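Printed here is final_31.csv (CSV, C-alpha atoms):
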chain,number,residue,atom,x,y,z
U,1,MET,CA,49.3,-84.6,30.2
U,2,THR,CA,52.6,-85.9,31.5
U,3,ARG,CA,53.4,-86.4,35.1
U,4,GLN,CA,54.9,-83.2,36.5
U,5,PRO,CA,55.3,-83.4,40.3
U,6,THR,CA,57.5,-80.6,41.7
U,7,GLY,CA,59.3,-79.8,44.9
U,8,ALA,CA,58.9,-81.6,48.2
U,9,VAL,CA,57.0,-81.1,51.4
U,10,ALA,CA,57.4,-82.4,54.9
U,11,VAL,CA,54.7,-84.4,56.4
U,12,SER,CA,53.6,-85.6,59.8
U,13,SER,CA,51.4,-88.4,61.2
U,14,THR,CA,48.0,-86.9,61.0
U,15,ASN,CA,44.8,-87.6,59.0
U,16,SER,CA,45.8,-85.1,56.4
U,17,GLY,CA,49.5,-85.8,56.8
U,18,LEU,CA,50.2,-82.1,57.5
U,19,THR,CA,49.6,-80.3,60.8
U,20,GLY,CA,47.9,-81.5,64.0
U,21,PRO,CA,44.8,-83.7,64.3
U,22,THR,CA,42.1,-83.3,61.8
U,23,THR,CA,39.3,-81.1,63.1
U,24,THR,CA,35.7,-80.3,62.2
U,25,VAL,CA,37.0,-77.1,60.6
U,26,ASP,CA,39.3,-79.2,58.3
U,27,PHE,CA,36.5,-81.5,57.2
U,28,THR,CA,34.1,-78.5,56.7
U,29,ALA,CA,36.7,-77.0,54.4
U,30,VAL,CA,37.2,-80.0,52.2
U,31,LEU,CA,33.5,-80.9,52.1
U,32,THR,CA,32.4,-77.3,51.2
U,33,ASP,CA,35.4,-76.1,49.1
U,34,GLY,CA,37.5,-79.2,48.2
U,35,LEU,CA,37.3,-82.2,46.0
U,36,VAL,CA,35.5,-85.3,47.3
U,37,ALA,CA,36.1,-88.5,45.3
U,38,PRO,CA,34.5,-92.0,46.0
U,39,ASP,CA,36.4,-95.2,45.2
U,40,ALA,CA,34.7,-97.9,43.1
U,41,ASN,CA,34.1,-100.1,46.1
U,42,VAL,CA,32.1,-97.3,47.6
U,43,LEU,CA,29.8,-97.1,44.6
U,44,LEU,CA,29.5,-100.9,44.4
U,45,ASN,CA,28.7,-101.2,48.1
U,46,LEU,CA,25.5,-99.4,47.4
U,47,TYR,CA,24.2,-102.7,46.1
U,48,ARG,CA,25.0,-104.3,49.5
U,49,TYR,CA,23.2,-101.7,51.7
U,50,THR,CA,19.7,-101.7,52.9
U,51,GLU,CA,17.3,-99.4,50.9
U,52,GLN,CA,17.4,-96.8,53.7
U,53,ALA,CA,21.2,-96.8,53.9
U,54,ARG,CA,21.5,-96.6,50.2
U,55,THR,CA,19.1,-93.6,50.1
U,56,ASP,CA,21.0,-91.8,52.8
U,57,PHE,CA,24.4,-92.3,51.2
U,58,LEU,CA,23.2,-91.2,47.8
U,59,ARG,CA,21.7,-88.1,49.4
U,60,ALA,CA,25.1,-87.3,51.0
U,61,LEU,CA,26.9,-87.7,47.6
U,62,GLY,CA,24.3,-85.5,46.0
U,63,ALA,CA,24.6,-82.8,48.6
U,64,LEU,CA,28.2,-82.3,47.7
U,65,GLY,CA,27.3,-80.7,44.4
U,66,ASP,CA,30.3,-79.6,42.4
U,67,ARG,CA,32.7,-80.7,45.1
U,68,LEU,CA,31.9,-84.3,44.1
U,69,TRP,CA,34.3,-85.7,41.4
U,70,VAL,CA,34.8,-89.2,40.3
U,71,PRO,CA,38.0,-90.5,38.6
U,72,HIS,CA,37.2,-92.2,35.3
U,73,GLN,CA,39.0,-95.3,36.5
U,74,VAL,CA,36.5,-95.6,39.3
U,75,VAL,CA,33.7,-95.6,36.7
U,76,ASP,CA,35.5,-98.2,34.7
U,77,GLU,CA,35.8,-100.5,37.7
U,78,PHE,CA,32.2,-99.9,38.7
U,79,TRP,CA,31.0,-101.2,35.4
U,80,ARG,CA,33.4,-104.1,35.3
U,81,ASN,CA,32.3,-105.3,38.7
U,82,ARG,CA,28.6,-104.3,38.8
U,83,GLU,CA,27.3,-107.6,37.4
U,84,SER,CA,29.1,-109.8,39.9
U,85,VAL,CA,28.3,-107.6,42.8
U,86,ILE,CA,24.6,-107.7,42.0
U,87,SER,CA,24.7,-111.5,41.6
U,88,ASP,CA,26.4,-111.8,44.9
U,89,ALA,CA,24.0,-109.6,46.7
U,90,ARG,CA,20.9,-111.3,45.3
U,91,SER,CA,22.3,-114.8,46.1
U,92,THR,CA,23.4,-114.0,49.6
U,93,SER,CA,20.0,-114.7,51.3
U,94,LYS,CA,19.3,-117.8,49.2
U,95,SER,CA,22.8,-119.2,50.0
U,96,ALA,CA,22.3,-118.4,53.7
U,97,ALA,CA,18.9,-120.1,53.9
U,98,GLN,CA,20.3,-123.2,52.2
U,99,GLU,CA,23.3,-123.3,54.5
U,100,MET,CA,20.9,-122.9,57.5
U,101,SER,CA,18.9,-125.9,56.3
U,102,GLY,CA,22.0,-128.0,56.2
U,103,HIS,CA,22.9,-126.9,59.7
U,104,ALA,CA,19.4,-127.9,60.9
U,105,GLY,CA,19.9,-131.4,59.5
U,106,THR,CA,23.3,-131.7,61.3
U,107,ALA,CA,21.8,-130.4,64.5
U,108,VAL,CA,19.0,-132.9,64.5
U,109,GLN,CA,21.4,-135.7,63.8
U,110,THR,CA,23.6,-134.6,66.7
U,111,LEU,CA,20.5,-134.5,68.9
U,112,ARG,CA,19.5,-138.1,67.8
U,113,THR,CA,23.0,-139.4,68.5
U,114,TRP,CA,23.0,-137.9,72.0
U,115,ALA,CA,19.4,-139.2,72.7
U,116,ASN,CA,20.4,-142.7,71.8
U,117,ARG,CA,23.4,-142.6,74.1
U,118,VAL,CA,21.5,-141.4,77.1
U,119,ALA,CA,18.4,-143.5,76.3
U,120,LEU,CA,16.1,-140.5,76.0
U,121,SER,CA,12.5,-141.4,75.6
U,122,ASP,CA,10.9,-141.1,72.1
U,123,GLN,CA,8.5,-138.4,73.4
U,124,ASP,CA,11.3,-136.2,74.9
U,125,LEU,CA,13.4,-136.6,71.7
U,126,ALA,CA,10.4,-135.6,69.5
U,127,ASP,CA,9.8,-132.5,71.7
U,128,LEU,CA,13.4,-131.4,71.5
U,129,ARG,CA,13.6,-132.1,67.8
U,130,ASP,CA,10.4,-130.0,67.2
U,131,ARG,CA,11.8,-127.1,69.2
U,132,LEU,CA,15.1,-127.3,67.5
U,133,THR,CA,13.7,-127.4,63.9
U,134,GLY,CA,11.2,-124.7,64.8
U,135,VAL,CA,14.1,-122.3,65.7
U,136,PHE,CA,15.9,-123.1,62.4
U,137,ASP,CA,12.6,-122.7,60.4
U,138,GLU,CA,12.1,-119.2,62.0
U,139,VAL,CA,15.6,-118.2,61.2
U,140,GLN,CA,15.3,-119.4,57.6
U,141,LYS,CA,12.0,-117.6,57.2
U,142,LYS,CA,13.5,-114.3,58.4
U,143,ILE,CA,16.6,-114.7,56.1
U,144,THR,CA,14.3,-115.2,53.1
U,145,GLU,CA,12.0,-112.2,54.1
U,146,VAL,CA,14.9,-109.8,54.5
U,147,GLY,CA,16.5,-111.0,51.3
U,148,GLU,CA,13.4,-110.6,49.2
U,149,GLY,CA,12.5,-107.3,50.8
U,150,GLU,CA,15.9,-105.6,50.3
U,151,TRP,CA,17.0,-107.0,47.0
U,152,GLN,CA,13.8,-107.4,45.0
U,153,SER,CA,14.3,-103.9,43.5
U,154,ILE,CA,17.9,-104.6,42.4
U,155,THR,CA,18.1,-105.6,38.8
U,156,HIS,CA,20.8,-106.1,36.1
U,157,ASP,CA,18.7,-103.9,33.8
U,158,THR,CA,20.3,-100.5,34.1
U,159,SER,CA,17.1,-98.7,33.2
U,160,ALA,CA,15.4,-100.1,36.3
U,161,ASP,CA,18.3,-100.2,38.7
U,162,PRO,CA,17.7,-97.9,41.7
U,163,VAL,CA,21.5,-97.6,42.3
U,164,ILE,CA,22.1,-96.4,38.7
U,165,ALA,CA,19.2,-94.0,39.0
U,166,GLY,CA,20.7,-92.5,42.2
U,167,LEU,CA,24.2,-92.3,40.7
U,168,GLU,CA,22.9,-90.7,37.5
U,169,HIS,CA,21.6,-87.8,39.6
U,170,ALA,CA,24.6,-87.5,41.8
U,171,LEU,CA,27.3,-87.9,39.2
U,172,ALA,CA,25.9,-85.9,36.3
U,173,GLY,CA,28.8,-83.9,34.8
U,174,ARG,CA,31.2,-85.0,37.6
U,175,VAL,CA,33.1,-87.9,36.0
U,176,GLY,CA,36.7,-87.2,34.9
U,177,THR,CA,38.1,-87.9,31.5
U,178,PRO,CA,39.8,-91.2,30.6
U,179,PHE,CA,43.5,-91.6,29.8
U,180,SER,CA,44.3,-91.7,26.1
U,181,PRO,CA,45.5,-95.1,24.9
U,182,GLU,CA,49.1,-93.8,24.8
U,183,GLU,CA,48.9,-92.4,28.3
U,184,ARG,CA,47.4,-95.6,29.6
U,185,THR,CA,50.3,-97.6,28.2
U,186,GLU,CA,52.9,-95.3,29.5
U,187,LEU,CA,51.3,-95.0,32.9
U,188,ALA,CA,50.9,-98.8,33.2
U,189,GLU,CA,54.7,-99.0,33.1
U,190,THR,CA,55.0,-96.2,35.6
U,191,GLY,CA,52.6,-98.0,37.9
U,192,LYS,CA,54.4,-101.3,37.6
U,193,GLU,CA,57.7,-99.6,38.5
U,194,ARG,CA,56.0,-98.1,41.6
U,195,LEU,CA,54.8,-101.6,42.5
U,196,ARG,CA,58.3,-102.9,42.4
U,197,LYS,CA,59.5,-100.1,44.7
U,198,ARG,CA,56.4,-100.5,46.9
U,199,ILE,CA,55.4,-96.9,46.4
U,200,PRO,CA,51.7,-96.4,47.5
U,201,PRO,CA,49.0,-96.8,46.5
U,202,GLY,CA,48.4,-100.2,45.0
U,203,TYR,CA,51.5,-102.3,45.9
U,204,MET,CA,49.2,-104.6,47.9
U,205,ASP,CA,47.6,-105.5,44.6
U,206,ALA,CA,51.0,-106.4,42.9
U,207,LYS,CA,50.0,-110.1,42.4
U,208,LYS,CA,46.9,-109.2,40.3
U,209,ASP,CA,47.0,-110.0,36.6
U,210,GLY,CA,47.6,-107.5,33.9
U,211,ASP,CA,46.6,-103.9,34.6
U,212,GLY,CA,44.6,-105.0,37.6
U,213,ALA,CA,47.8,-104.5,39.6
U,214,VAL,CA,48.0,-100.8,38.7
U,215,GLY,CA,44.3,-99.9,39.1
U,216,ASP,CA,44.8,-98.1,42.3
U,217,PHE,CA,47.6,-96.1,40.8
U,218,PHE,CA,45.3,-95.1,37.9
U,219,VAL,CA,42.7,-93.8,40.4
U,220,TRP,CA,45.4,-92.0,42.3
U,221,GLU,CA,46.9,-90.5,39.1
U,222,GLN,CA,43.6,-89.1,38.0
U,223,LEU,CA,43.0,-87.7,41.5
U,224,LEU,CA,46.4,-86.0,41.4
U,225,ARG,CA,45.6,-84.3,38.1
U,226,ALA,CA,42.2,-83.1,39.2
U,227,ALA,CA,43.6,-81.7,42.5
U,228,SER,CA,46.4,-80.0,40.6
U,229,GLU,CA,44.0,-78.3,38.3
U,230,ARG,CA,41.8,-77.1,41.2
U,231,GLY,CA,44.6,-76.5,43.8
U,232,SER,CA,42.2,-78.0,46.3
U,233,ASP,CA,42.2,-80.3,49.3
U,234,VAL,CA,41.1,-83.9,48.5
U,235,LEU,CA,38.9,-86.3,50.5
U,236,PHE,CA,39.0,-89.8,49.1
U,237,VAL,CA,36.3,-92.1,50.4
U,238,THR,CA,37.2,-95.7,50.2
U,239,ALA,CA,36.2,-99.1,51.6
U,240,ASP,CA,39.8,-100.3,50.9
U,241,ALA,CA,41.5,-100.7,54.3
U,242,LYS,CA,44.8,-101.9,53.0
U,243,GLU,CA,48.1,-100.4,54.1
U,244,ASP,CA,49.0,-99.0,50.7
U,245,TRP,CA,46.4,-96.3,51.3
U,246,TRP,CA,46.2,-96.0,55.1
U,247,ARG,CA,48.8,-95.3,57.7
U,248,LYS,CA,48.4,-98.1,60.3
U,249,GLU,CA,48.8,-97.7,64.1
U,250,HIS,CA,48.3,-100.9,66.2
U,251,GLY,CA,46.1,-102.3,63.4
U,252,HIS,CA,43.9,-99.3,63.1
U,253,ASN,CA,43.7,-96.8,60.1
U,254,ARG,CA,45.0,-93.4,61.1
U,255,GLY,CA,44.7,-91.4,57.9
U,256,PRO,CA,46.4,-91.5,54.6
U,257,ARG,CA,50.0,-92.6,54.0
U,258,PRO,CA,52.3,-89.6,54.4
U,259,GLU,CA,53.9,-90.5,51.0
U,260,LEU,CA,50.5,-89.9,49.4
U,261,THR,CA,50.0,-86.5,51.1
U,262,ALA,CA,53.5,-85.5,50.1
U,263,GLU,CA,52.9,-86.5,46.4
U,264,LEU,CA,49.6,-84.6,46.3
U,265,ARG,CA,51.4,-81.4,47.6
U,266,ARG,CA,54.1,-81.8,45.0
U,267,TRP,CA,51.4,-81.8,42.3
U,268,GLY,CA,50.1,-78.5,43.6
U,269,GLY,CA,47.1,-79.9,45.5
U,270,GLY,CA,46.2,-79.2,49.1
U,271,ARG,CA,45.7,-81.6,52.0
U,272,LEU,CA,44.6,-85.2,51.7
U,273,PHE,CA,42.0,-86.9,53.8
U,274,LEU,CA,40.8,-90.5,53.8
U,275,LEU,CA,37.5,-91.7,55.2
U,276,SER,CA,35.6,-95.0,55.1
U,277,PRO,CA,32.0,-94.8,53.8
U,278,LYS,CA,30.7,-94.9,57.4
U,279,GLN,CA,33.1,-92.2,58.6
U,280,PHE,CA,32.2,-90.1,55.6
U,281,LEU,CA,28.5,-90.3,56.3
U,282,GLU,CA,29.0,-89.5,60.0
U,283,VAL,CA,31.3,-86.5,59.2
U,284,ALA,CA,29.3,-85.1,56.3
U,285,ALA,CA,25.8,-85.3,57.9
U,286,PRO,CA,26.2,-82.4,60.3
U,287,ILE,CA,28.3,-80.3,57.9
U,288,LEU,CA,26.0,-80.7,54.9
U,289,GLN,CA,22.9,-80.6,57.2
U,290,LEU,CA,21.6,-84.0,56.4
U,291,SER,CA,19.1,-85.9,58.4
U,292,LEU,CA,20.2,-89.6,58.7
U,293,GLN,CA,18.7,-92.7,60.0
U,294,ALA,CA,20.8,-94.3,62.7
U,295,SER,CA,20.1,-97.7,61.0
U,296,SER,CA,21.9,-96.4,57.9
U,297,VAL,CA,25.2,-95.8,59.7
U,298,GLU,CA,24.8,-99.2,61.4
U,299,ASP,CA,24.2,-101.0,58.1
U,300,ILE,CA,27.1,-99.3,56.4
U,301,GLU,CA,29.3,-100.3,59.3
U,302,ARG,CA,28.0,-103.9,58.9
U,303,VAL,CA,29.1,-104.0,55.3
U,304,GLU,CA,32.5,-102.5,56.2
U,305,ARG,CA,33.0,-105.1,58.9
U,306,ILE,CA,32.1,-108.0,56.6
U,307,ASP,CA,34.1,-106.8,53.6
U,308,ASP,CA,37.0,-105.2,55.4
U,309,ARG,CA,39.3,-107.5,53.4
U,310,ALA,CA,37.0,-109.5,51.1
U,311,LEU,CA,35.7,-106.8,48.8
U,312,PRO,CA,39.0,-105.0,48.0
U,313,ARG,CA,40.4,-108.4,47.1
U,314,ARG,CA,37.5,-109.3,44.9
U,315,LEU,CA,37.3,-105.9,43.1
U,316,ASP,CA,38.5,-106.3,39.6
U,317,ARG,CA,40.8,-103.3,38.9
U,318,ARG,CA,41.7,-104.3,35.4
U,319,CYS,CA,41.3,-101.8,32.6
U,320,ASP,CA,40.9,-103.9,29.5
U,321,ARG,CA,39.8,-101.4,26.9
U,322,GLY,CA,38.2,-103.9,24.6
U,323,THR,CA,35.8,-105.1,27.3
U,324,LEU,CA,35.0,-101.6,28.5
U,325,GLN,CA,34.1,-100.4,25.0
U,326,ARG,CA,31.4,-102.9,24.7
U,327,PRO,CA,27.9,-102.5,26.1
U,328,LEU,CA,27.7,-104.3,29.4
U,329,ILE,CA,24.1,-105.4,28.9
U,330,ARG,CA,22.8,-106.3,25.5
U,331,GLY,CA,19.2,-106.4,24.5
U,332,LEU,CA,17.8,-104.5,27.4
U,333,ARG,CA,16.1,-101.1,27.2
U,334,GLN,CA,18.5,-98.2,28.0
U,335,PRO,CA,17.5,-94.9,29.6
U,336,ARG,CA,16.8,-92.3,26.9
U,337,ARG,CA,18.7,-89.5,28.6
U,338,ARG,CA,22.5,-89.5,28.6
U,339,HIS,CA,23.9,-91.3,31.6
U,340,PRO,CA,26.8,-89.8,33.6
U,341,LEU,CA,28.3,-93.3,33.8
U,342,ARG,CA,28.2,-93.8,30.0
U,343,GLY,CA,29.5,-92.1,26.9
U,344,ARG,CA,27.4,-90.3,24.3
U,345,ASP,CA,26.6,-93.6,22.7
U,346,GLY,CA,25.1,-95.0,25.9
U,347,ARG,CA,28.0,-97.3,26.5
U,348,PRO,CA,30.0,-97.4,29.7
U,349,HIS,CA,32.9,-94.9,29.8
How does the structure come out when it is put into structure tokens?
Amino acid sequence: MTRQPTGAVAVSSTNSGLTGPTTTVDFTAVLTDGLVAPDANVLLNLYRYTEQARTDFLRALGALGDRLWVPHQVVDEFWRNRESVISDARSTSKSAAQEMSGHAGTAVQTLRTWANRVALSDQDLADLRDRLTGVFDEVQKKITEVGEGEWQSITHDTSADPVIAGLEHALAGRVGTPFSPEERTELAETGKERLRKRIPPGYMDAKKDGDGAVGDFFVWEQLLRAASERGSDVLFVTADAKEDWWRKEHGHNRGPRPELTAELRRWGGGRLFLLSPKQFLEVAAPILQLSLQASSVEDIERVERIDDRALPRRLDRRCDRGTLQRPLIRGLRQPRRRHPLRGRDGRPH
């Protein structure tokens, strides 16, 4: 399929880029009769949520039914980055505990230096040191308990991974088709030309190596094709907060770039909406009649706050076909049933 945008459409500064502020009616329409697509960073962040937040978010995705659709590029990026994200998640608590131990030693040394200068008695110094180290010990203990409690079920083995199990249910039959090798080559050149002209999305990734620079464009291209086929509104859920997706006002995200909305309409799609994972959960819960834990929204907001810039930069958008054709994990038992994130041979798409 070649690129065939037609016509032009005027846009304004709204969430959908069309008319007036976005309302509950607008979100109800796209969530019940549109196309809802998560970005790769949304799926990968499931490894960074608490178990409750992960469960609630997966329930929200599952409740979308046939409205949920995932660009094949998103699945490629999920598999490419899954191993490193799991390793990061599992090592976070260990690293924090080790850093806390180092801080404790520094704090005790600072206390000793001060005590010597003011001629503090040995007894008073010992009391303060015990109180200080006690606080650090309690913090380290809590860090370890939380880390072991939340991440002990996360594993590199895909057959025992709760995230994969949840996505398998939610994404079954809802992953788009990949580009042909010829299309990918041609579109990579189109994407690079868009980068040079700073046409959104993806120009903020221009310094990435190889096809990594055009990963966002590949996602967008597949979204355009799907929306064109359905003639539907599109809700893209992403943890990417960069300006090549979002229209910025005073440092805040205020909906999609109007250029993106216009391009979607030229392709025959409807309105375009962008939401962060937290916003999606808050908007979707009442419309899809989901019961959420307040702690889930808080945890998702925590991840967004921490990774507002870090995760999008770390995400590997490359599309090296040779790597993606190989099994990601060798020698481990694979699920017997066909996986929505894999091809018929059990390998990643």
- Item | Residue nearest U:Leu187 among U:Pro258, U:Gly251, U:Gly34, U:Gly215 (counting only C-alpha atoms) | U:Gly215
- Query: What is the atom CA of U:Asp211 to atom CA of U:Asn45 distance in Å?
  - Reply: 22.6 Å
- Item | Within 6 Å of stretch 73-76 of chain U using all atoms listed in the file, minus same-chain residues under 6 positions, as a PyMOL selection string | chain U and resi 39-40+219
- Query: What does the distance from atom CA of U:Arg59 to atom CA of U:Val25 come to in Å, to one decimal?
  - Reply: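 Separation of atom CA of U:Arg59 and atom CA of U:Val25: 21.9 Å.
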- Message: Let me make sure I understand: among U:Pro286, U:Pro71, U:Pro21, U:Gly269, which one has the smallest atom-to-atom distance to U:Val175 if we use only C-alpha atoms?
- Response: U:Pro71
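Comparing the minimum interatomic distances between U:Ala227 and each of U:Arg129, U:Val42, U:Arg198, U:Arg67, counting only C-alpha atoms, we find that U:Arg67 sits nearest.
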Please list as a CSV table (one decimal) with C-alpha atoms, in the coordinates of the input every residue within 12 Å of U:Arg82, counting only C-alpha atoms and excluding residues in the same chain fewer than 2 positions away.
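Once written, out.csv looks like this:
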chain,number,residue,atom,x,y,z
U,40,ALA,CA,34.7,-97.9,43.1
U,41,ASN,CA,34.1,-100.1,46.1
U,42,VAL,CA,32.1,-97.3,47.6
U,43,LEU,CA,29.8,-97.1,44.6
U,44,LEU,CA,29.5,-100.9,44.4
U,45,ASN,CA,28.7,-101.2,48.1
U,46,LEU,CA,25.5,-99.4,47.4
U,47,TYR,CA,24.2,-102.7,46.1
U,48,ARG,CA,25.0,-104.3,49.5
U,74,VAL,CA,36.5,-95.6,39.3
U,75,VAL,CA,33.7,-95.6,36.7
U,76,ASP,CA,35.5,-98.2,34.7
U,77,GLU,CA,35.8,-100.5,37.7
U,78,PHE,CA,32.2,-99.9,38.7
U,79,TRP,CA,31.0,-101.2,35.4
U,80,ARG,CA,33.4,-104.1,35.3
U,84,SER,CA,29.1,-109.8,39.9
U,85,VAL,CA,28.3,-107.6,42.8
U,86,ILE,CA,24.6,-107.7,42.0
U,87,SER,CA,24.7,-111.5,41.6
U,88,ASP,CA,26.4,-111.8,44.9
U,89,ALA,CA,24.0,-109.6,46.7
U,154,ILE,CA,17.9,-104.6,42.4
U,155,THR,CA,18.1,-105.6,38.8
U,156,HIS,CA,20.8,-106.1,36.1
U,157,ASP,CA,18.7,-103.9,33.8
U,158,THR,CA,20.3,-100.5,34.1
U,161,ASP,CA,18.3,-100.2,38.7
U,163,VAL,CA,21.5,-97.6,42.3
U,164,ILE,CA,22.1,-96.4,38.7
U,314,ARG,CA,37.5,-109.3,44.9
U,315,LEU,CA,37.3,-105.9,43.1
U,316,ASP,CA,38.5,-106.3,39.6
U,328,LEU,CA,27.7,-104.3,29.4
U,329,ILE,CA,24.1,-105.4,28.9
U,348,PRO,CA,30.0,-97.4,29.7
- From the list U:Ala119, U:Ala284, U:Ala53, U:Ala37, which residue is nearest U:Asp299 when using all atoms listed in the file?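 For U:Asp299, the nearest of the candidates is U:Ala53.
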- Item | Two-atom distance - atom CA of U:Trp69, atom CA of U:Ala226 (Å) | 8.6 Å
- Compare U:Arg271, U:Pro178, U:His252, U:Val214 by their minimum atom-to-atom distance to U:Ser228, counting all atoms listed in the file, and give me the closest one. U:Arg271
- Query: Between U:Lys242, U:Lys141, U:Arg247, U:Lys207, which has the minimum distance to U:Ala96 (counting only C-alpha atoms)?
  - Reply: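 Checking each candidate against U:Ala96, we get U:Lys141 as the closest.
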